[in-house]
file entry09.cif (mmCIF, C-alpha atoms)
data_data
#
loop_
_atom_site.label_atom_id
_atom_site.label_comp_id
_atom_site.auth_asym_id
_atom_site.auth_seq_id
_atom_site.Cartn_x
_atom_site.Cartn_y
_atom_site.Cartn_z
CA MET A 21 34.38 -41.06 17.82
CA PRO A 22 35.49 -37.43 17.36
CA SER A 23 38.91 -36.58 18.76
CA LEU A 24 39.63 -33.89 21.35
CA LYS A 25 41.08 -31.81 18.54
CA GLN A 26 37.82 -32.05 16.61
CA PHE A 27 35.84 -31.03 19.68
CA ALA A 28 38.19 -28.06 20.17
CA ALA A 29 37.49 -27.05 16.57
CA ILE A 30 33.77 -27.07 17.41
CA ASP A 31 34.39 -24.40 20.06
CA GLU A 32 36.08 -22.24 17.43
CA LEU A 33 33.19 -22.87 15.04
CA ALA A 34 30.71 -21.77 17.71
CA GLU A 35 32.69 -18.56 18.23
CA GLY A 36 32.52 -17.82 14.51
CA ILE A 37 28.77 -18.45 14.35
CA LEU A 38 28.09 -16.25 17.37
CA ALA A 39 30.15 -13.51 15.72
CA GLY A 40 27.94 -13.73 12.62
CA CYS A 41 30.55 -15.21 10.30
CA ARG A 42 28.80 -16.56 7.17
CA LEU A 43 31.45 -19.21 6.55
CA SER A 44 31.14 -20.55 10.09
CA LEU A 45 27.35 -20.49 9.76
CA SER A 46 27.48 -22.55 6.57
CA ARG A 47 29.95 -25.01 8.08
CA GLY A 48 27.75 -25.42 11.16
CA ILE A 49 24.64 -26.18 9.11
CA THR A 50 26.58 -28.59 6.89
CA LEU A 51 27.72 -30.40 10.02
CA ALA A 52 24.13 -30.60 11.32
CA GLU A 53 22.93 -31.97 7.96
CA SER A 54 25.54 -34.72 7.81
CA SER A 55 24.47 -38.31 8.42
CA ARG A 56 27.94 -39.41 9.57
CA LEU A 57 27.99 -40.49 13.21
CA ASP A 58 31.10 -38.47 14.10
CA HIS A 59 29.58 -35.38 12.50
CA GLN A 60 26.32 -35.91 14.41
CA LEU A 61 28.24 -36.03 17.69
CA GLN A 62 30.12 -32.85 16.79
CA ALA A 63 26.86 -31.17 15.75
CA ALA A 64 25.28 -32.09 19.09
CA LYS A 65 28.20 -30.46 20.93
CA LEU A 66 27.97 -27.39 18.70
CA LEU A 67 24.25 -26.98 19.39
CA ARG A 68 24.71 -27.35 23.14
CA GLU A 69 27.44 -24.72 23.14
CA LEU A 70 25.43 -22.32 20.98
CA GLN A 71 22.30 -22.66 23.08
CA ARG A 72 24.28 -22.12 26.29
CA ARG A 73 25.93 -18.99 24.92
CA VAL A 74 22.68 -17.65 23.43
CA ALA A 75 20.92 -18.14 26.78
CA GLU A 76 23.69 -16.21 28.51
CA ARG A 77 23.48 -13.45 25.90
CA ARG A 78 19.70 -13.26 26.27
CA ALA A 79 19.92 -13.11 30.09
CA ALA A 80 22.43 -10.27 29.87
CA SER A 81 20.17 -8.42 27.42
CA VAL A 82 17.17 -8.78 29.72
CA ALA A 83 19.20 -7.58 32.72
CA ALA A 84 20.49 -4.55 30.79
CA ALA A 85 16.98 -3.67 29.63
CA ALA A 86 15.64 -3.97 33.18
CA ALA A 87 18.42 -1.70 34.49
CA ALA A 88 17.49 0.89 31.87
CA ALA A 89 13.78 0.47 32.59
CA GLN A 90 13.19 -0.78 29.05
CA LEU A 91 11.65 -3.87 27.49
CA PRO A 92 14.13 -6.43 26.13
CA GLY A 93 14.26 -6.90 22.38
CA PRO A 94 12.03 -9.57 20.82
CA GLU A 95 13.31 -13.09 20.33
CA PRO A 96 13.90 -14.40 16.79
CA PHE A 97 10.73 -15.23 14.88
CA ARG A 98 10.32 -18.35 12.74
CA VAL A 99 8.07 -18.23 9.69
CA GLY A 100 7.13 -21.32 7.68
CA VAL A 101 6.09 -20.78 4.07
CA SER A 102 4.54 -23.48 1.93
CA GLY A 103 2.16 -23.91 -0.97
CA PRO A 104 1.66 -25.77 -4.24
CA PRO A 105 4.15 -25.53 -7.12
CA GLY A 106 3.64 -22.39 -9.16
CA ALA A 107 2.24 -20.36 -6.29
CA GLY A 108 5.28 -18.07 -6.29
CA LYS A 109 6.61 -19.00 -2.85
CA SER A 110 10.25 -18.15 -3.55
CA SER A 111 9.38 -14.82 -5.18
CA LEU A 112 7.14 -13.89 -2.26
CA ILE A 113 9.82 -14.89 0.25
CA GLU A 114 12.38 -12.71 -1.53
CA THR A 115 10.07 -9.69 -1.60
CA LEU A 116 9.05 -10.22 2.03
CA GLY A 117 12.67 -10.78 3.07
CA CYS A 118 13.78 -7.53 1.42
CA ALA A 119 10.98 -5.67 3.20
CA MET A 120 12.12 -7.17 6.51
CA LEU A 121 15.67 -5.99 5.82
CA GLU A 122 14.36 -2.47 5.25
CA ALA A 123 12.63 -2.71 8.63
CA GLY A 124 15.97 -3.45 10.30
CA ASP A 125 15.80 -7.22 10.59
CA ARG A 126 18.49 -9.71 9.68
CA VAL A 127 16.89 -12.44 7.58
CA ALA A 128 17.80 -16.09 7.05
CA VAL A 129 16.02 -18.26 4.49
CA LEU A 130 16.19 -22.05 4.68
CA ALA A 131 14.79 -23.26 1.38
CA ILE A 132 14.15 -26.98 1.53
CA ASP A 133 14.60 -28.37 -1.99
CA PRO A 134 13.58 -31.78 -3.31
CA SER A 135 16.66 -33.96 -3.60
CA SER A 136 18.29 -35.31 -6.69
CA GLN A 137 17.88 -39.08 -6.56
CA ALA A 138 21.33 -39.49 -8.06
CA SER A 139 23.35 -37.19 -5.82
CA GLY A 140 21.09 -36.43 -2.86
CA GLY A 141 21.73 -32.71 -3.40
CA ALA A 142 19.24 -29.89 -3.73
CA ILE A 143 18.16 -29.38 -7.33
CA LEU A 144 16.17 -26.14 -7.34
CA GLY A 145 18.90 -23.80 -6.12
CA ASP A 146 16.87 -21.13 -4.29
CA LYS A 147 19.97 -19.02 -3.80
CA THR A 148 20.10 -18.47 -7.55
CA ARG A 149 16.39 -17.63 -7.53
CA MET A 150 16.72 -15.09 -4.70
CA GLN A 151 19.64 -13.07 -5.98
CA ARG A 152 18.35 -9.73 -4.71
CA LEU A 153 17.89 -11.02 -1.18
CA SER A 154 21.03 -13.17 -1.01
CA SER A 155 23.21 -10.25 -2.12
CA SER A 156 22.46 -8.35 1.10
CA PRO A 157 25.07 -8.63 3.88
CA ASP A 158 22.20 -8.93 6.39
CA ALA A 159 20.57 -11.89 4.63
CA TYR A 160 21.51 -15.53 4.39
CA VAL A 161 19.91 -17.94 1.90
CA ARG A 162 20.55 -21.64 2.26
CA PRO A 163 19.08 -24.28 -0.08
CA SER A 164 19.08 -27.67 1.59
CA PRO A 165 18.24 -31.12 0.20
CA ALA A 166 15.12 -32.75 1.58
CA ARG A 167 16.68 -36.23 1.18
CA GLY A 168 13.26 -37.89 1.03
CA THR A 169 12.20 -37.04 4.61
CA LEU A 170 8.59 -36.40 5.58
CA GLY A 171 6.97 -33.77 3.40
CA GLY A 172 10.29 -32.63 2.00
CA VAL A 173 11.41 -31.04 5.30
CA ALA A 174 15.11 -31.76 5.82
CA ARG A 175 16.04 -33.78 8.91
CA ALA A 176 18.32 -31.11 10.32
CA THR A 177 16.17 -28.02 9.61
CA PHE A 178 15.35 -27.46 13.27
CA ASP A 179 19.07 -27.47 14.10
CA ALA A 180 19.73 -25.09 11.20
CA ILE A 181 17.15 -22.67 12.63
CA ILE A 182 18.91 -22.68 16.00
CA ILE A 183 22.26 -22.06 14.32
CA CYS A 184 20.89 -19.14 12.26
CA GLU A 185 19.36 -17.56 15.35
CA ALA A 186 22.66 -17.93 17.21
CA ALA A 187 24.32 -16.06 14.32
CA GLY A 188 22.03 -13.10 14.99
CA TYR A 189 19.26 -13.52 12.42
CA SER A 190 16.02 -12.12 13.84
CA LYS A 191 13.74 -13.59 11.17
CA VAL A 192 14.12 -17.16 9.90
CA LEU A 193 11.96 -18.10 6.91
CA VAL A 194 11.58 -21.81 6.14
CA GLU A 195 10.30 -22.68 2.66
CA THR A 196 9.13 -26.24 2.12
CA VAL A 197 8.60 -28.20 -1.07
CA GLY A 198 4.86 -27.73 -0.82
CA VAL A 199 3.82 -31.26 -1.70
CA GLY A 200 2.56 -34.25 0.30
CA GLN A 201 2.74 -33.71 4.07
CA SER A 202 5.22 -30.82 4.11
CA GLU A 203 2.60 -28.48 5.56
CA THR A 204 2.21 -30.82 8.55
CA ALA A 205 5.93 -31.35 9.08
CA VAL A 206 6.86 -27.66 8.98
CA GLN A 207 4.53 -26.89 11.88
CA ASP A 208 6.99 -28.64 14.20
CA LEU A 209 9.66 -26.13 13.21
CA VAL A 210 8.13 -22.65 13.09
CA ASP A 211 6.09 -20.11 15.05
CA VAL A 212 3.68 -19.21 12.27
CA PHE A 213 2.62 -21.06 9.13
CA VAL A 214 1.96 -19.05 5.96
CA LEU A 215 0.28 -20.81 3.06
CA VAL A 216 0.88 -19.19 -0.35
CA LEU A 217 -1.63 -19.93 -3.09
CA PRO A 218 -2.12 -18.81 -6.67
CA PRO A 219 -5.46 -17.29 -7.68
CA VAL A 220 -7.75 -20.33 -7.84
CA GLY A 221 -11.47 -21.02 -7.76
CA GLY A 222 -14.11 -23.66 -8.27
CA ASP A 223 -12.94 -27.26 -7.91
CA GLU A 224 -9.34 -26.26 -7.12
CA LEU A 225 -10.57 -24.20 -4.20
CA GLN A 226 -12.60 -27.11 -2.82
CA VAL A 227 -9.54 -29.41 -2.94
CA ILE A 228 -7.28 -27.20 -0.81
CA LYS A 229 -9.85 -25.49 1.41
CA ARG A 230 -9.77 -28.11 4.20
CA GLY A 231 -5.99 -28.08 4.47
CA VAL A 232 -5.95 -24.29 4.64
CA THR A 233 -8.32 -24.07 7.57
CA GLU A 234 -6.56 -26.84 9.47
CA MET A 235 -2.96 -25.71 9.09
CA ALA A 236 -2.53 -22.11 7.98
CA ASP A 237 -2.24 -19.17 10.35
CA ILE A 238 -2.05 -16.76 7.41
CA VAL A 239 -3.20 -17.43 3.85
CA VAL A 240 -1.69 -15.32 1.08
CA ILE A 241 -3.27 -15.31 -2.37
CA ASN A 242 -0.26 -14.39 -4.48
CA LYS A 243 -0.10 -12.88 -7.99
CA ALA A 244 -2.73 -10.26 -7.13
CA ASP A 245 -1.74 -8.00 -10.00
CA GLY A 246 -2.48 -7.46 -13.66
CA ALA A 247 -4.85 -9.91 -15.28
CA THR A 248 -5.07 -12.14 -12.18
CA ARG A 249 -5.83 -9.41 -9.65
CA ALA A 250 -9.59 -9.90 -9.81
CA ALA A 251 -9.21 -13.69 -9.56
CA ALA A 252 -7.01 -13.29 -6.48
CA SER A 253 -9.61 -11.04 -4.86
CA ARG A 254 -12.37 -13.58 -5.52
CA ALA A 255 -10.26 -16.43 -4.12
CA ALA A 256 -9.49 -14.44 -0.95
CA THR A 257 -13.18 -13.68 -0.45
CA ALA A 258 -14.02 -17.37 -0.87
CA PHE A 259 -11.43 -18.40 1.71
CA LYS A 260 -12.55 -15.75 4.19
CA SER A 261 -16.11 -17.01 3.97
CA THR A 262 -15.10 -20.50 5.14
CA VAL A 263 -12.30 -19.87 7.65
CA HIS A 264 -14.64 -19.00 10.51
CA PHE A 265 -16.63 -22.24 10.26
CA HIS A 266 -13.79 -24.59 11.17
CA ARG A 267 -12.10 -25.46 14.44
CA GLN A 268 -9.67 -22.75 15.47
CA ARG A 269 -6.04 -23.97 15.65
CA ARG A 270 -4.85 -21.25 18.00
CA GLN A 271 -6.72 -20.03 21.04
CA SER A 272 -5.38 -16.52 20.54
CA TRP A 273 -5.45 -16.20 16.75
CA GLN A 274 -8.03 -16.39 13.99
CA PRO A 275 -6.54 -17.32 10.56
CA ALA A 276 -6.08 -14.31 8.31
CA VAL A 277 -6.51 -14.20 4.52
CA LEU A 278 -4.99 -11.52 2.31
CA THR A 279 -3.85 -10.86 -1.24
CA ALA A 280 -0.36 -9.85 -2.32
CA SER A 281 1.91 -9.60 -5.31
CA ALA A 282 5.52 -10.70 -5.08
CA HIS A 283 6.11 -9.01 -8.43
CA SER A 284 4.82 -5.51 -7.58
CA GLY A 285 5.14 -5.64 -3.78
CA LEU A 286 1.43 -4.93 -3.36
CA GLY A 287 0.17 -6.26 -0.01
CA ILE A 288 3.60 -7.10 1.39
CA ASP A 289 3.19 -4.38 4.03
CA LYS A 290 -0.09 -5.99 5.10
CA LEU A 291 1.63 -9.37 5.35
CA GLN A 292 4.33 -7.84 7.54
CA HIS A 293 1.65 -6.29 9.74
CA GLN A 294 -0.16 -9.62 10.08
CA LEU A 295 3.06 -11.40 11.04
CA ALA A 296 3.88 -8.74 13.65
CA GLU A 297 0.35 -8.86 15.03
CA TYR A 298 0.44 -12.64 15.24
CA GLN A 299 3.76 -12.59 17.10
CA ALA A 300 2.52 -9.95 19.56
CA VAL A 301 -0.79 -11.72 20.26
CA MET A 302 0.81 -15.14 20.69
CA LEU A 303 3.56 -13.78 22.95
CA HIS A 304 1.12 -11.87 25.13
CA SER A 305 -1.12 -14.90 25.61
CA GLY A 306 1.78 -17.21 26.38
CA GLU A 307 0.66 -19.51 23.56
CA LEU A 308 3.86 -19.01 21.56
CA ALA A 309 6.00 -20.21 24.47
CA GLN A 310 3.75 -23.24 24.88
CA LEU A 311 3.93 -23.91 21.12
CA ARG A 312 7.73 -23.94 21.21
CA ARG A 313 7.78 -26.27 24.21
CA GLU A 314 5.53 -28.73 22.39
CA GLN A 315 7.61 -28.44 19.22
CA ARG A 316 10.82 -29.23 21.08
CA ARG A 317 9.18 -32.33 22.57
CA ARG A 318 8.02 -33.58 19.16
CA VAL A 319 11.30 -32.80 17.41
CA ALA A 320 13.27 -34.60 20.13
CA TRP A 321 11.12 -37.70 19.69
CA THR A 322 11.40 -37.56 15.90
CA ALA A 323 15.17 -37.16 16.14
CA ALA A 324 15.36 -40.19 18.44
CA GLU A 325 13.30 -42.25 15.96
CA GLU A 326 15.59 -41.22 13.10
CA ALA A 327 18.69 -42.06 15.12
CA VAL A 328 17.37 -45.55 15.86
CA LEU A 329 16.42 -46.05 12.21
CA ASP A 330 19.86 -44.89 11.04
CA SER A 331 21.53 -47.28 13.47
CA PHE A 332 19.35 -50.11 12.18
CA ARG A 333 20.07 -49.39 8.53
CA GLN A 334 23.82 -49.07 9.08
CA ASP A 335 24.11 -52.20 11.22
CA PRO A 336 26.46 -54.60 9.32
CA ALA A 337 24.56 -57.60 10.68
CA VAL A 338 21.25 -56.25 9.37
CA ARG A 339 22.74 -55.45 5.97
CA TYR A 340 24.27 -58.92 5.74
CA LEU A 341 20.96 -60.64 6.53
CA LEU A 342 19.01 -58.33 4.19
CA ASP A 343 21.31 -59.28 1.31
CA ARG A 344 20.64 -62.95 2.06
CA LEU A 345 16.87 -62.44 2.29
CA MET A 346 16.42 -60.11 -0.66
CA PRO A 347 16.09 -62.82 -3.38
CA ASP A 348 13.23 -64.43 -1.42
CA ILE A 349 11.61 -61.03 -0.78
CA VAL A 350 11.79 -60.03 -4.44
CA SER A 351 10.48 -63.41 -5.63
CA GLY A 352 7.56 -63.26 -3.21
CA GLU A 353 8.56 -66.35 -1.24
CA LEU A 354 9.14 -64.23 1.88
CA ALA A 355 6.54 -61.62 2.85
CA PRO A 356 7.95 -58.11 3.57
CA ARG A 357 6.40 -58.15 7.06
CA ALA A 358 8.05 -61.47 7.87
CA ALA A 359 11.37 -60.16 6.54
CA ALA A 360 11.07 -57.07 8.73
CA GLU A 361 10.48 -59.20 11.82
CA LEU A 362 13.53 -61.35 11.00
CA LEU A 363 15.71 -58.27 10.51
CA THR A 364 14.50 -56.71 13.76
CA ALA A 365 15.14 -59.88 15.74
CA TRP A 366 18.59 -60.19 14.14
CA HIS A 367 19.41 -56.59 14.99
CA ASN A 368 18.30 -57.01 18.62
CA GLU A 369 20.37 -60.18 18.92
CA TYR A 370 23.56 -58.36 17.90
CA LEU A 371 23.04 -55.13 19.85
#
call {"tool": "encode", "arguments": {"input": "entry09.cif", "output": "structure tokens"}}
result
Amino acid sequence: MPSLKQFAAIDELAEGILAGCRLSLSRGITLAESSRLDHQLQAAKLLRELQRRVAERRAASVAAAAAAAQLPGPEPFRVGVSGPPGAGKSSLIETLGCAMLEAGDRVAVLAIDPSSQASGGAILGDKTRMQRLSSSPDAYVRPSPARGTLGGVARATFDAIIICEAAGYSKVLVETVGVGQSETAVQDLVDVFVLVLPPVGGDELQVIKRGVTEMADIVVINKADGATRAAASRAATAFKSTVHFHRQRRQSWQPAVLTASAHSGLGIDKLQHQLAEYQAVMLHSGELAQLRREQRRRVAWTAAEEAVLDSFRQDPAVRYLLDRLMPDIVSGELAPRAAAELLTAWHNEYL
């Protein structure tokens, strides 16, 4: 269990995060990412303190705006970005992030990297790939290891988003690995889902078309410049022709398809406009507030499942029995399902 001194240090850490200190921000996210029980307890206290203070700050801002007969400033906006390898996600995020900075936003990027199987650390290093963005004092780029969780989305990403918003970042961009079920997992974390695709056609288009219409709020055909500009235009036209024939994900929003170039910046202004329009429409309808309520419910349940699974895996009694059973499991004498039932019963017996 954490000591009183450690809990007191959490209060100081919260102060630093609320003041926008990068070092405190990094320490807070590292704490949230840790799998150690004492760190998880400290992270829970940190998040409670941050959310309490942010709520107070927001209430004061609303009251001040009302006294001045003005509208309060918008709440932070969460943008999920995914797509297949080679689509240019990181380049597009950097170009979009720089454009957001020019518009007066503070931008945080949480780039979820596939983990090294040897060390568990992130191996792509998005910070080194986003040098222009990360060099800005109003931007924060954080590569995080996926550690094998669903779709490559790190277990503590939702907590990291909350911490970044508490530090004053008005736009939080979450980049996922873009393989497997990452597109599904990221929807529990963000307000809008942007799918980035390279110029494709024919069979490739047929493979990804269904996923696009089911998950994406905005589809960006990247690399719309030079020799691939015409191909990008054709791909966008093909997507637009099918989007309207599938069940609409949002009551207030029809999926948008556009072309852009991370290299030249072409179309980035249109992407910004689409994001702003989406936020305004979803806020006005109340659907964004409902979306966040549902996300918090799902993330809470997922976090509870992970906590139970961690407790099970770290239980000394379970580990002892698993070591005893493993030779029979490997040889085929004991079926995996039967082994699982034995382990579960053993764990429940020693709770």
call {"tool": "atom_distance", "arguments": {"input": "entry09.cif", "atom1": "CA of Asp289 (chain A)", "atom2": "CA of Lys191 (chain A)"}}
result
15.7 Å
call {"tool": "resolve_selection", "arguments": {"input": "entry09.cif", "expression": "the PyMOL selection byres ((chain A and resi 65) around 12)", "output": "PyMOL selection string"}}
result
chain A and resi 22+24+26-34+48+51-52+58-64+66-72+179
call {"tool": "resolve_selection", "arguments": {"input": "entry09.cif", "expression": "the PyMOL selection byres ((chain A and resi 113) around 10)", "output": "list in words"}}
result
Val101, Gly108, Lys109, Ser110, Ser111, Leu112, Glu114, Thr115, Leu116, Gly117, Cys118, Ala119, Val129, Ala131, Met150, Leu153, Leu193, Val194, Glu195, Val216 and Ala282 of chain A
call {"tool": "atom_distance", "arguments": {"input": "entry09.cif", "atom1": "CA of Val210 (chain A)", "atom2": "CA of Pro105 (chain A)"}}
result
20.8 Å
call {"tool": "resolve_selection", "arguments": {"input": "entry09.cif", "expression": "the PyMOL selection byres ((chain A and resi 184) around 10)", "output": "PyMOL selection string"}}
result
chain A and resi 37-38+40+42+45-46+48-49+96+127-130+160+179-183+185-192
call {"tool": "write_last_selection", "arguments": {"input": "entry09.cif", "atoms": "C-alpha atoms", "output": "PDB file, keeping the file's coordinate frame"}}
result
ATOM      1  CA  ILE A  37      28.770 -18.450  14.350  1.00  0.00           C
ATOM      2  CA  LEU A  38      28.090 -16.250  17.370  1.00  0.00           C
ATOM      3  CA  GLY A  40      27.940 -13.730  12.620  1.00  0.00           C
ATOM      4  CA  ARG A  42      28.800 -16.560   7.170  1.00  0.00           C
ATOM      5  CA  LEU A  45      27.350 -20.490   9.760  1.00  0.00           C
ATOM      6  CA  SER A  46      27.480 -22.550   6.570  1.00  0.00           C
ATOM      7  CA  GLY A  48      27.750 -25.420  11.160  1.00  0.00           C
ATOM      8  CA  ILE A  49      24.640 -26.180   9.110  1.00  0.00           C
ATOM      9  CA  PRO A  96      13.900 -14.400  16.790  1.00  0.00           C
ATOM     10  CA  VAL A 127      16.890 -12.440   7.580  1.00  0.00           C
ATOM     11  CA  ALA A 128      17.800 -16.090   7.050  1.00  0.00           C
ATOM     12  CA  VAL A 129      16.020 -18.260   4.490  1.00  0.00           C
ATOM     13  CA  LEU A 130      16.190 -22.050   4.680  1.00  0.00           C
ATOM     14  CA  TYR A 160      21.510 -15.530   4.390  1.00  0.00           C
ATOM     15  CA  ASP A 179      19.070 -27.470  14.100  1.00  0.00           C
ATOM     16  CA  ALA A 180      19.730 -25.090  11.200  1.00  0.00           C
ATOM     17  CA  ILE A 181      17.150 -22.670  12.630  1.00  0.00           C
ATOM     18  CA  ILE A 182      18.910 -22.680  16.000  1.00  0.00           C
ATOM     19  CA  ILE A 183      22.260 -22.060  14.320  1.00  0.00           C
ATOM     20  CA  GLU A 185      19.360 -17.560  15.350  1.00  0.00           C
ATOM     21  CA  ALA A 186      22.660 -17.930  17.210  1.00  0.00           C
ATOM     22  CA  ALA A 187      24.320 -16.060  14.320  1.00  0.00           C
ATOM     23  CA  GLY A 188      22.030 -13.100  14.990  1.00  0.00           C
ATOM     24  CA  TYR A 189      19.260 -13.520  12.420  1.00  0.00           C
ATOM     25  CA  SER A 190      16.020 -12.120  13.840  1.00  0.00           C
ATOM     26  CA  LYS A 191      13.740 -13.590  11.170  1.00  0.00           C
ATOM     27  CA  VAL A 192      14.120 -17.160   9.900  1.00  0.00           C
TER      28      VAL A 192
END
call {"tool": "closest_residue", "arguments": {"input": "entry09.cif", "among": "A:Val220, A:Val239, A:Ala309, A:Ile132", "to": "Arg254 (chain A)", "atoms": "all atoms listed in the file"}}
result
A:Val220
call {"tool": "residues_around", "arguments": {"input": "entry09.cif", "residues": "region 315-320 of chain A", "least_positions_apart": "4", "cutoff": "9 Å", "atoms": "all atoms listed in the file", "output": "JSON, numbers by chain"}}
result
{"A": [178, 207, 208, 209, 210, 310, 311, 324, 325]}
call {"tool": "write_last_selection", "arguments": {"input": "entry09.cif", "atoms": "C-alpha atoms", "output": "JSON list (two decimals), in the coordinates of the input"}}
result
[["chain", "number", "residue", "atom", "x", "y", "z"],
["A", 178, "PHE", "CA", 15.35, -27.46, 13.27],
["A", 207, "GLN", "CA", 4.53, -26.89, 11.88],
["A", 208, "ASP", "CA", 6.99, -28.64, 14.20],
["A", 209, "LEU", "CA", 9.66, -26.13, 13.21],
["A", 210, "VAL", "CA", 8.13, -22.65, 13.09],
["A", 310, "GLN", "CA", 3.75, -23.24, 24.88],
["A", 311, "LEU", "CA", 3.93, -23.91, 21.12],
["A", 324, "ALA", "CA", 15.36, -40.19, 18.44],
["A", 325, "GLU", "CA", 13.30, -42.25, 15.96]]
call {"tool": "closest_residue", "arguments": {"input": "entry09.cif", "among": "A:Val74, A:Ala327, A:Val212, A:Met302", "to": "Val99 (chain A)", "atoms": "only C-alpha atoms"}}
result
A:Val212
call {"tool": "atom_distance", "arguments": {"input": "entry09.cif", "atom1": "CA of Pro94 (chain A)", "atom2": "CA of Leu121 (chain A)"}}
result
15.8 Å
